[in-house]
$ cat protein_37.pdb   # PDB, C-alpha atoms
ATOM      1  CA  MET A   1     -48.101  18.366  29.733
ATOM      2  CA  ILE A   2     -44.331  18.613  29.050
ATOM      3  CA  GLU A   3     -43.641  16.935  25.702
ATOM      4  CA  GLY A   4     -39.860  17.189  25.437
ATOM      5  CA  ILE A   5     -36.833  19.444  25.157
ATOM      6  CA  SER A   6     -36.906  21.423  21.950
ATOM      7  CA  ALA A   7     -33.632  23.305  22.229
ATOM      8  CA  ILE A   8     -30.831  24.538  24.397
ATOM      9  CA  THR A   9     -29.562  28.112  24.140
ATOM     10  CA  PHE A  10     -25.999  29.104  25.007
ATOM     11  CA  ALA A  11     -24.695  32.612  25.531
ATOM     12  CA  THR A  12     -21.601  33.698  23.616
ATOM     13  CA  HIS A  13     -19.355  36.752  23.732
ATOM     14  CA  ASP A  14     -18.481  36.394  20.037
ATOM     15  CA  MET A  15     -21.191  35.197  17.632
ATOM     16  CA  ARG A  16     -18.835  35.059  14.640
ATOM     17  CA  ARG A  17     -16.422  32.751  16.473
ATOM     18  CA  ALA A  18     -19.239  30.601  17.915
ATOM     19  CA  VAL A  19     -20.981  30.200  14.531
ATOM     20  CA  HIS A  20     -17.675  29.153  12.963
ATOM     21  CA  PHE A  21     -17.145  26.573  15.720
ATOM     22  CA  TYR A  22     -20.584  24.946  15.384
ATOM     23  CA  ARG A  23     -20.597  25.059  11.570
ATOM     24  CA  SER A  24     -17.181  23.383  11.569
ATOM     25  CA  LEU A  25     -18.757  20.488  13.478
ATOM     26  CA  GLY A  26     -21.511  20.110  10.880
ATOM     27  CA  PHE A  27     -24.373  22.027  12.510
ATOM     28  CA  GLU A  28     -26.745  23.537   9.924
ATOM     29  CA  ILE A  29     -27.787  27.188  10.443
ATOM     30  CA  LEU A  30     -31.551  27.668  10.324
ATOM     31  CA  HIS A  31     -31.800  31.284  11.506
ATOM     32  CA  GLY A  32     -29.295  34.069  12.152
ATOM     33  CA  GLY A  33     -25.581  33.854  11.399
ATOM     34  CA  GLU A  34     -22.248  35.451  12.221
ATOM     35  CA  ALA A  35     -23.593  39.017  12.514
ATOM     36  CA  ALA A  36     -26.914  38.150  14.208
ATOM     37  CA  PRO A  37     -27.673  38.555  17.914
ATOM     38  CA  PHE A  38     -29.414  35.139  17.857
ATOM     39  CA  THR A  39     -28.558  32.051  15.781
ATOM     40  CA  SER A  40     -30.320  28.701  15.629
ATOM     41  CA  PHE A  41     -28.809  25.422  14.366
ATOM     42  CA  ARG A  42     -30.472  22.091  13.677
ATOM     43  CA  ALA A  43     -29.438  19.436  16.209
ATOM     44  CA  GLY A  44     -31.221  16.238  15.199
ATOM     45  CA  THR A  45     -34.900  16.812  15.909
ATOM     46  CA  GLY A  46     -34.043  19.698  18.252
ATOM     47  CA  TYR A  47     -32.102  22.916  18.102
ATOM     48  CA  LEU A  48     -28.925  24.472  19.428
ATOM     49  CA  ASN A  49     -29.282  28.231  19.781
ATOM     50  CA  LEU A  50     -26.690  30.923  20.429
ATOM     51  CA  THR A  51     -27.395  34.386  21.798
ATOM     52  CA  VAL A  52     -24.934  37.247  22.177
ATOM     53  CA  GLN A  53     -24.037  38.228  25.736
ATOM     54  CA  PRO A  54     -21.518  41.021  25.099
ATOM     55  CA  ASP A  55     -20.604  41.716  28.721
ATOM     56  CA  LYS A  56     -17.491  39.735  29.677
ATOM     57  CA  ARG A  57     -19.230  38.637  32.874
ATOM     58  CA  TRP A  58     -22.020  36.112  32.397
ATOM     59  CA  SER A  59     -25.377  37.275  33.620
ATOM     60  CA  TRP A  60     -26.924  33.883  32.854
ATOM     61  CA  TRP A  61     -25.758  30.410  31.846
ATOM     62  CA  GLY A  62     -28.214  29.699  29.042
ATOM     63  CA  ARG A  63     -31.765  28.471  28.566
ATOM     64  CA  VAL A  64     -33.525  25.116  28.250
ATOM     65  CA  ILE A  65     -36.590  25.103  26.021
ATOM     66  CA  PHE A  66     -39.404  22.653  26.696
ATOM     67  CA  TYR A  67     -42.173  22.012  24.194
ATOM     68  CA  VAL A  68     -45.572  21.962  25.894
ATOM     69  CA  ALA A  69     -49.119  21.211  24.791
ATOM     70  CA  ASP A  70     -50.477  24.680  25.677
ATOM     71  CA  VAL A  71     -48.155  27.646  26.352
ATOM     72  CA  ASP A  72     -50.903  29.902  27.693
ATOM     73  CA  ALA A  73     -52.317  27.257  30.036
ATOM     74  CA  LEU A  74     -48.865  26.573  31.501
ATOM     75  CA  TYR A  75     -48.288  30.308  31.913
ATOM     76  CA  GLU A  76     -51.533  30.583  33.885
ATOM     77  CA  ARG A  77     -50.529  27.550  35.948
ATOM     78  CA  ALA A  78     -47.188  29.187  36.800
ATOM     79  CA  LEU A  79     -48.967  32.371  37.874
ATOM     80  CA  ALA A  80     -51.456  30.384  39.968
ATOM     81  CA  ALA A  81     -48.531  28.660  41.710
ATOM     82  CA  GLY A  82     -47.139  32.058  42.676
ATOM     83  CA  TRP A  83     -44.273  32.152  40.188
ATOM     84  CA  GLN A  84     -43.377  35.290  38.253
ATOM     85  CA  PRO A  85     -42.457  34.526  34.625
ATOM     86  CA  SER A  86     -40.036  37.039  33.118
ATOM     87  CA  THR A  87     -42.103  37.274  29.934
ATOM     88  CA  THR A  88     -45.728  36.811  28.963
ATOM     89  CA  PRO A  89     -46.632  34.359  26.176
ATOM     90  CA  ARG A  90     -45.904  35.755  22.727
ATOM     91  CA  ASP A  91     -45.494  34.643  19.128
ATOM     92  CA  ALA A  92     -41.870  34.832  17.953
ATOM     93  CA  GLU A  93     -40.588  35.528  14.450
ATOM     94  CA  TRP A  94     -38.896  32.097  14.399
ATOM     95  CA  GLY A  95     -42.281  30.363  14.557
ATOM     96  CA  GLU A  96     -42.947  29.537  18.191
ATOM     97  CA  ARG A  97     -45.212  30.811  20.955
ATOM     98  CA  TYR A  98     -43.294  30.948  24.237
ATOM     99  CA  PHE A  99     -42.675  32.449  27.658
ATOM    100  CA  HIS A 100     -39.690  32.399  30.033
ATOM    101  CA  LEU A 101     -39.531  31.520  33.716
ATOM    102  CA  THR A 102     -36.439  31.446  35.939
ATOM    103  CA  ASP A 103     -36.227  28.608  38.449
ATOM    104  CA  LEU A 104     -35.187  29.083  42.068
ATOM    105  CA  ASP A 105     -31.513  28.445  41.217
ATOM    106  CA  GLY A 106     -31.397  31.035  38.421
ATOM    107  CA  HIS A 107     -31.806  28.682  35.435
ATOM    108  CA  GLU A 108     -33.916  30.150  32.663
ATOM    109  CA  LEU A 109     -36.648  27.870  31.362
ATOM    110  CA  SER A 110     -38.607  28.544  28.204
ATOM    111  CA  PHE A 111     -41.925  26.841  27.509
ATOM    112  CA  ALA A 112     -42.829  26.845  23.819
ATOM    113  CA  ARG A 113     -45.051  25.438  21.107
ATOM    114  CA  PRO A 114     -44.568  25.666  17.320
ATOM    115  CA  LEU A 115     -47.056  28.029  15.710
ATOM    116  CA  ARG A 116     -47.451  25.619  12.789
ATOM    117  CA  PRO A 117     -47.308  21.815  13.062
TER     118      PRO A 117
END
$ encode --input "protein_37.pdb" --output "structure tokens"
Amino acid sequence: MIEGISAITFATHDMRRAVHFYRSLGFEILHGGEAAPFTSFRAGTGYLNLTVQPDKRWSWWGRVIFYVADVDALYERALAAGWQPSTTPRDAEWGERYFHLTDLDGHELSFARPLRP
């Protein structure tokens, strides 16, 4: 059912600085930018995302995004296994349906599927 890793998301305290860093390495911005709370770059066939975490203490390390065949079916499977996803499946403005689930060690996992092929 898991098809691959789509993206990794890193938290940053300073989006402007982080965007400058990744653009200087040749990453292409697809969504967001220096003033946005969320920015997505192309990374080969996947994505590198940045999200603003303004607090100087990290409340999370980041997020791994897995593409799956059926977001809603995996959500129901997680519930049936007794897990408590932090979000319900939803369609995002960047073109994916997704939900989040935190593993037992505190790592945030996102399970997603593009809305359009």
$ resolve_selection --input "protein_37.pdb" --expression "the PyMOL selection byres ((chain A and resi 78-86) around 6)" --output "PyMOL selection string"
chain A and resi 75-77+87+100-101
$ closest_residue --input "protein_37.pdb" --among "A:Glu34, A:Glu108, A:Asp103, A:Asp14" --to "Pro54 of chain A" --atoms "only C-alpha atoms"
A:Asp14
$ resolve_selection --input "protein_37.pdb" --expression "the PyMOL selection byres ((chain A and resi 19) around 9)" --output "list in words"
Asp14, Met15, Arg16, Arg17, Ala18, His20, Phe21, Tyr22, Arg23, Ser24, Ile29, Gly33, Glu34, Thr39 and Leu50 of chain A
$ closest_residue --input "protein_37.pdb" --among "A:Leu30, A:Leu109, A:Leu115, A:Ala35" --to "Arg63 of chain A" --atoms "only C-alpha atoms"
A:Leu109
$ closest_residue --input "protein_37.pdb" --among "A:Asp55, A:Ala112, A:Arg42, A:Tyr67" --to "Ile5 of chain A" --atoms "all atoms listed in the file"
A:Tyr67
$ axis_aligned_box --input "protein_37.pdb" --around "segment 68-85 of chain A" --padding-each-side "8 Å" --output "JSON"
{"center_x": -47.4, "center_y": 28.3, "center_z": 33.7, "size_x": 25.9, "size_y": 30.1, "size_z": 33.9}
$ resolve_selection --input "protein_37.pdb" --expression "the PyMOL selection byres ((chain A and resi 11) around 6)" --output "NGL selection string"
:A and (10 or 12 or 50-53 or 62)
$ closest_residue --input "protein_37.pdb" --among "A:Arg97, A:Arg113, A:His31, A:Arg90" --to "Phe66 of chain A" --atoms "only C-alpha atoms"
A:Arg113
$ decode --input "protein_37.pdb" --residues "segment 49-65 of chain A" --atoms "all heavy atoms" --output "mmCIF file, in the first residue's frame"
data_model
loop_
_atom_site.group_PDB
_atom_site.id
_atom_site.type_symbol
_atom_site.label_atom_id
_atom_site.label_comp_id
_atom_site.auth_asym_id
_atom_site.auth_seq_id
_atom_site.Cartn_x
_atom_site.Cartn_y
_atom_site.Cartn_z
ATOM 1 N N ASN A 49 10.150 20.409 1.786
ATOM 2 C CA ASN A 49 9.250 21.441 2.288
ATOM 3 C C ASN A 49 9.860 22.092 3.520
ATOM 4 O O ASN A 49 10.577 21.454 4.286
ATOM 5 C CB ASN A 49 7.903 20.834 2.682
ATOM 6 C CG ASN A 49 7.228 20.153 1.520
ATOM 7 O OD1 ASN A 49 7.255 20.640 0.396
ATOM 8 N ND2 ASN A 49 6.623 19.017 1.777
ATOM 9 N N LEU A 50 9.523 23.353 3.725
ATOM 10 C CA LEU A 50 9.900 24.092 4.921
ATOM 11 C C LEU A 50 8.643 24.655 5.558
ATOM 12 O O LEU A 50 7.756 25.136 4.851
ATOM 13 C CB LEU A 50 10.830 25.262 4.576
ATOM 14 C CG LEU A 50 12.138 24.938 3.876
ATOM 15 C CD1 LEU A 50 12.840 26.217 3.438
ATOM 16 C CD2 LEU A 50 13.039 24.125 4.792
ATOM 17 N N THR A 51 8.565 24.598 6.875
ATOM 18 C CA THR A 51 7.451 25.202 7.591
ATOM 19 C C THR A 51 8.006 26.027 8.741
ATOM 20 O O THR A 51 8.997 25.640 9.371
ATOM 21 C CB THR A 51 6.446 24.140 8.096
ATOM 22 O OG1 THR A 51 5.292 24.793 8.607
ATOM 23 C CG2 THR A 51 7.046 23.225 9.130
ATOM 24 N N VAL A 52 7.397 27.170 9.000
ATOM 25 C CA VAL A 52 7.881 28.055 10.054
ATOM 26 C C VAL A 52 7.497 27.509 11.419
ATOM 27 O O VAL A 52 6.339 27.150 11.657
ATOM 28 C CB VAL A 52 7.325 29.485 9.880
ATOM 29 C CG1 VAL A 52 7.686 30.355 11.068
ATOM 30 C CG2 VAL A 52 7.850 30.100 8.593
ATOM 31 N N GLN A 53 8.474 27.438 12.293
ATOM 32 C CA GLN A 53 8.294 27.074 13.701
ATOM 33 C C GLN A 53 8.918 28.230 14.482
ATOM 34 O O GLN A 53 10.106 28.206 14.777
ATOM 35 C CB GLN A 53 9.006 25.746 13.997
ATOM 36 C CG GLN A 53 8.858 25.270 15.404
ATOM 37 C CD GLN A 53 7.503 24.626 15.623
ATOM 38 O OE1 GLN A 53 6.976 23.979 14.758
ATOM 39 N NE2 GLN A 53 6.952 24.814 16.790
ATOM 40 N N PRO A 54 8.152 29.285 14.768
ATOM 41 C CA PRO A 54 8.745 30.499 15.320
ATOM 42 C C PRO A 54 9.339 30.362 16.721
ATOM 43 O O PRO A 54 10.289 31.055 17.055
ATOM 44 C CB PRO A 54 7.589 31.509 15.321
ATOM 45 C CG PRO A 54 6.361 30.703 15.187
ATOM 46 C CD PRO A 54 6.731 29.400 14.543
ATOM 47 N N ASP A 55 8.809 29.493 17.536
ATOM 48 C CA ASP A 55 9.337 29.304 18.879
ATOM 49 C C ASP A 55 10.781 28.830 18.786
ATOM 50 O O ASP A 55 11.101 27.963 17.985
ATOM 51 C CB ASP A 55 8.492 28.267 19.629
ATOM 52 C CG ASP A 55 8.837 28.163 21.101
ATOM 53 O OD1 ASP A 55 9.885 28.677 21.518
ATOM 54 O OD2 ASP A 55 8.040 27.553 21.823
ATOM 55 N N LYS A 56 11.663 29.373 19.590
ATOM 56 C CA LYS A 56 13.079 28.997 19.538
ATOM 57 C C LYS A 56 13.322 27.573 20.017
ATOM 58 O O LYS A 56 14.363 26.998 19.786
ATOM 59 C CB LYS A 56 13.939 29.979 20.342
ATOM 60 C CG LYS A 56 13.999 31.348 19.712
ATOM 61 C CD LYS A 56 14.626 31.265 18.336
ATOM 62 C CE LYS A 56 14.663 32.613 17.656
ATOM 63 N NZ LYS A 56 15.100 32.557 16.299
ATOM 64 N N ARG A 57 12.374 26.982 20.709
ATOM 65 C CA ARG A 57 12.477 25.576 21.082
ATOM 66 C C ARG A 57 11.712 24.781 20.044
ATOM 67 O O ARG A 57 10.619 25.144 19.655
ATOM 68 C CB ARG A 57 11.868 25.332 22.468
ATOM 69 C CG ARG A 57 12.622 26.030 23.580
ATOM 70 C CD ARG A 57 11.919 25.870 24.912
ATOM 71 N NE ARG A 57 10.543 26.360 24.802
ATOM 72 C CZ ARG A 57 9.469 25.699 25.232
ATOM 73 N NH1 ARG A 57 9.598 24.547 25.832
ATOM 74 N NH2 ARG A 57 8.259 26.204 25.098
ATOM 75 N N TRP A 58 12.264 23.668 19.596
ATOM 76 C CA TRP A 58 11.581 22.838 18.617
ATOM 77 C C TRP A 58 10.497 22.036 19.300
ATOM 78 O O TRP A 58 10.733 21.380 20.296
ATOM 79 C CB TRP A 58 12.537 21.869 17.931
ATOM 80 C CG TRP A 58 13.579 22.536 17.114
ATOM 81 C CD1 TRP A 58 14.915 22.535 17.363
ATOM 82 C CD2 TRP A 58 13.399 23.322 15.940
ATOM 83 N NE1 TRP A 58 15.567 23.258 16.406
ATOM 84 C CE2 TRP A 58 14.665 23.766 15.520
ATOM 85 C CE3 TRP A 58 12.288 23.700 15.203
ATOM 86 C CZ2 TRP A 58 14.856 24.540 14.388
ATOM 87 C CZ3 TRP A 58 12.482 24.486 14.083
ATOM 88 C CH2 TRP A 58 13.740 24.901 13.685
ATOM 89 N N SER A 59 9.313 22.065 18.728
ATOM 90 C CA SER A 59 8.241 21.232 19.244
ATOM 91 C C SER A 59 8.110 19.957 18.412
ATOM 92 O O SER A 59 7.399 19.053 18.786
ATOM 93 C CB SER A 59 6.909 21.998 19.236
ATOM 94 O OG SER A 59 6.536 22.314 17.909
ATOM 95 N N TRP A 60 8.808 19.909 17.288
ATOM 96 C CA TRP A 60 8.838 18.709 16.457
ATOM 97 C C TRP A 60 10.052 18.801 15.561
ATOM 98 O O TRP A 60 10.597 19.861 15.324
ATOM 99 C CB TRP A 60 7.557 18.540 15.671
ATOM 100 C CG TRP A 60 7.298 19.590 14.640
ATOM 101 C CD1 TRP A 60 7.073 20.914 14.862
ATOM 102 C CD2 TRP A 60 7.245 19.429 13.229
ATOM 103 N NE1 TRP A 60 6.870 21.577 13.690
ATOM 104 C CE2 TRP A 60 6.974 20.687 12.664
ATOM 105 C CE3 TRP A 60 7.397 18.339 12.387
ATOM 106 C CZ2 TRP A 60 6.848 20.880 11.306
ATOM 107 C CZ3 TRP A 60 7.260 18.540 11.034
ATOM 108 C CH2 TRP A 60 6.996 19.795 10.512
ATOM 109 N N TRP A 61 10.482 17.667 15.026
ATOM 110 C CA TRP A 61 11.696 17.609 14.207
ATOM 111 C C TRP A 61 11.411 17.819 12.734
ATOM 112 O O TRP A 61 12.265 18.239 11.986
ATOM 113 C CB TRP A 61 12.399 16.269 14.396
ATOM 114 C CG TRP A 61 11.598 15.150 13.802
ATOM 115 C CD1 TRP A 61 10.582 14.460 14.400
ATOM 116 C CD2 TRP A 61 11.697 14.641 12.480
ATOM 117 N NE1 TRP A 61 10.054 13.558 13.534
ATOM 118 C CE2 TRP A 61 10.719 13.633 12.334
ATOM 119 C CE3 TRP A 61 12.523 14.922 11.389
ATOM 120 C CZ2 TRP A 61 10.542 12.919 11.160
ATOM 121 C CZ3 TRP A 61 12.343 14.201 10.223
ATOM 122 C CH2 TRP A 61 11.368 13.211 10.119
ATOM 123 N N GLY A 62 10.243 17.485 12.279
ATOM 124 C CA GLY A 62 9.897 17.560 10.866
ATOM 125 C C GLY A 62 8.821 16.545 10.544
ATOM 126 O O GLY A 62 8.140 16.045 11.431
ATOM 127 N N ARG A 63 8.704 16.209 9.268
ATOM 128 C CA ARG A 63 7.641 15.288 8.842
ATOM 129 C C ARG A 63 8.121 14.518 7.619
ATOM 130 O O ARG A 63 8.719 15.086 6.721
ATOM 131 C CB ARG A 63 6.405 16.102 8.472
ATOM 132 C CG ARG A 63 5.281 15.296 7.881
ATOM 133 C CD ARG A 63 4.106 16.180 7.432
ATOM 134 N NE ARG A 63 3.643 17.020 8.503
ATOM 135 C CZ ARG A 63 3.477 18.344 8.398
ATOM 136 N NH1 ARG A 63 3.735 18.975 7.279
ATOM 137 N NH2 ARG A 63 3.048 19.040 9.419
ATOM 138 N N VAL A 64 7.844 13.232 7.576
ATOM 139 C CA VAL A 64 8.071 12.424 6.380
ATOM 140 C C VAL A 64 6.717 12.185 5.735
ATOM 141 O O VAL A 64 5.748 11.853 6.417
ATOM 142 C CB VAL A 64 8.736 11.070 6.725
ATOM 143 C CG1 VAL A 64 8.847 10.197 5.483
ATOM 144 C CG2 VAL A 64 10.099 11.298 7.319
ATOM 145 N N ILE A 65 6.665 12.355 4.419
ATOM 146 C CA ILE A 65 5.414 12.196 3.687
ATOM 147 C C ILE A 65 5.521 10.966 2.795
ATOM 148 O O ILE A 65 6.430 10.868 1.976
ATOM 149 C CB ILE A 65 5.104 13.452 2.845
ATOM 150 C CG1 ILE A 65 5.030 14.673 3.754
ATOM 151 C CG2 ILE A 65 3.817 13.244 2.048
ATOM 152 C CD1 ILE A 65 5.017 15.994 3.024
#
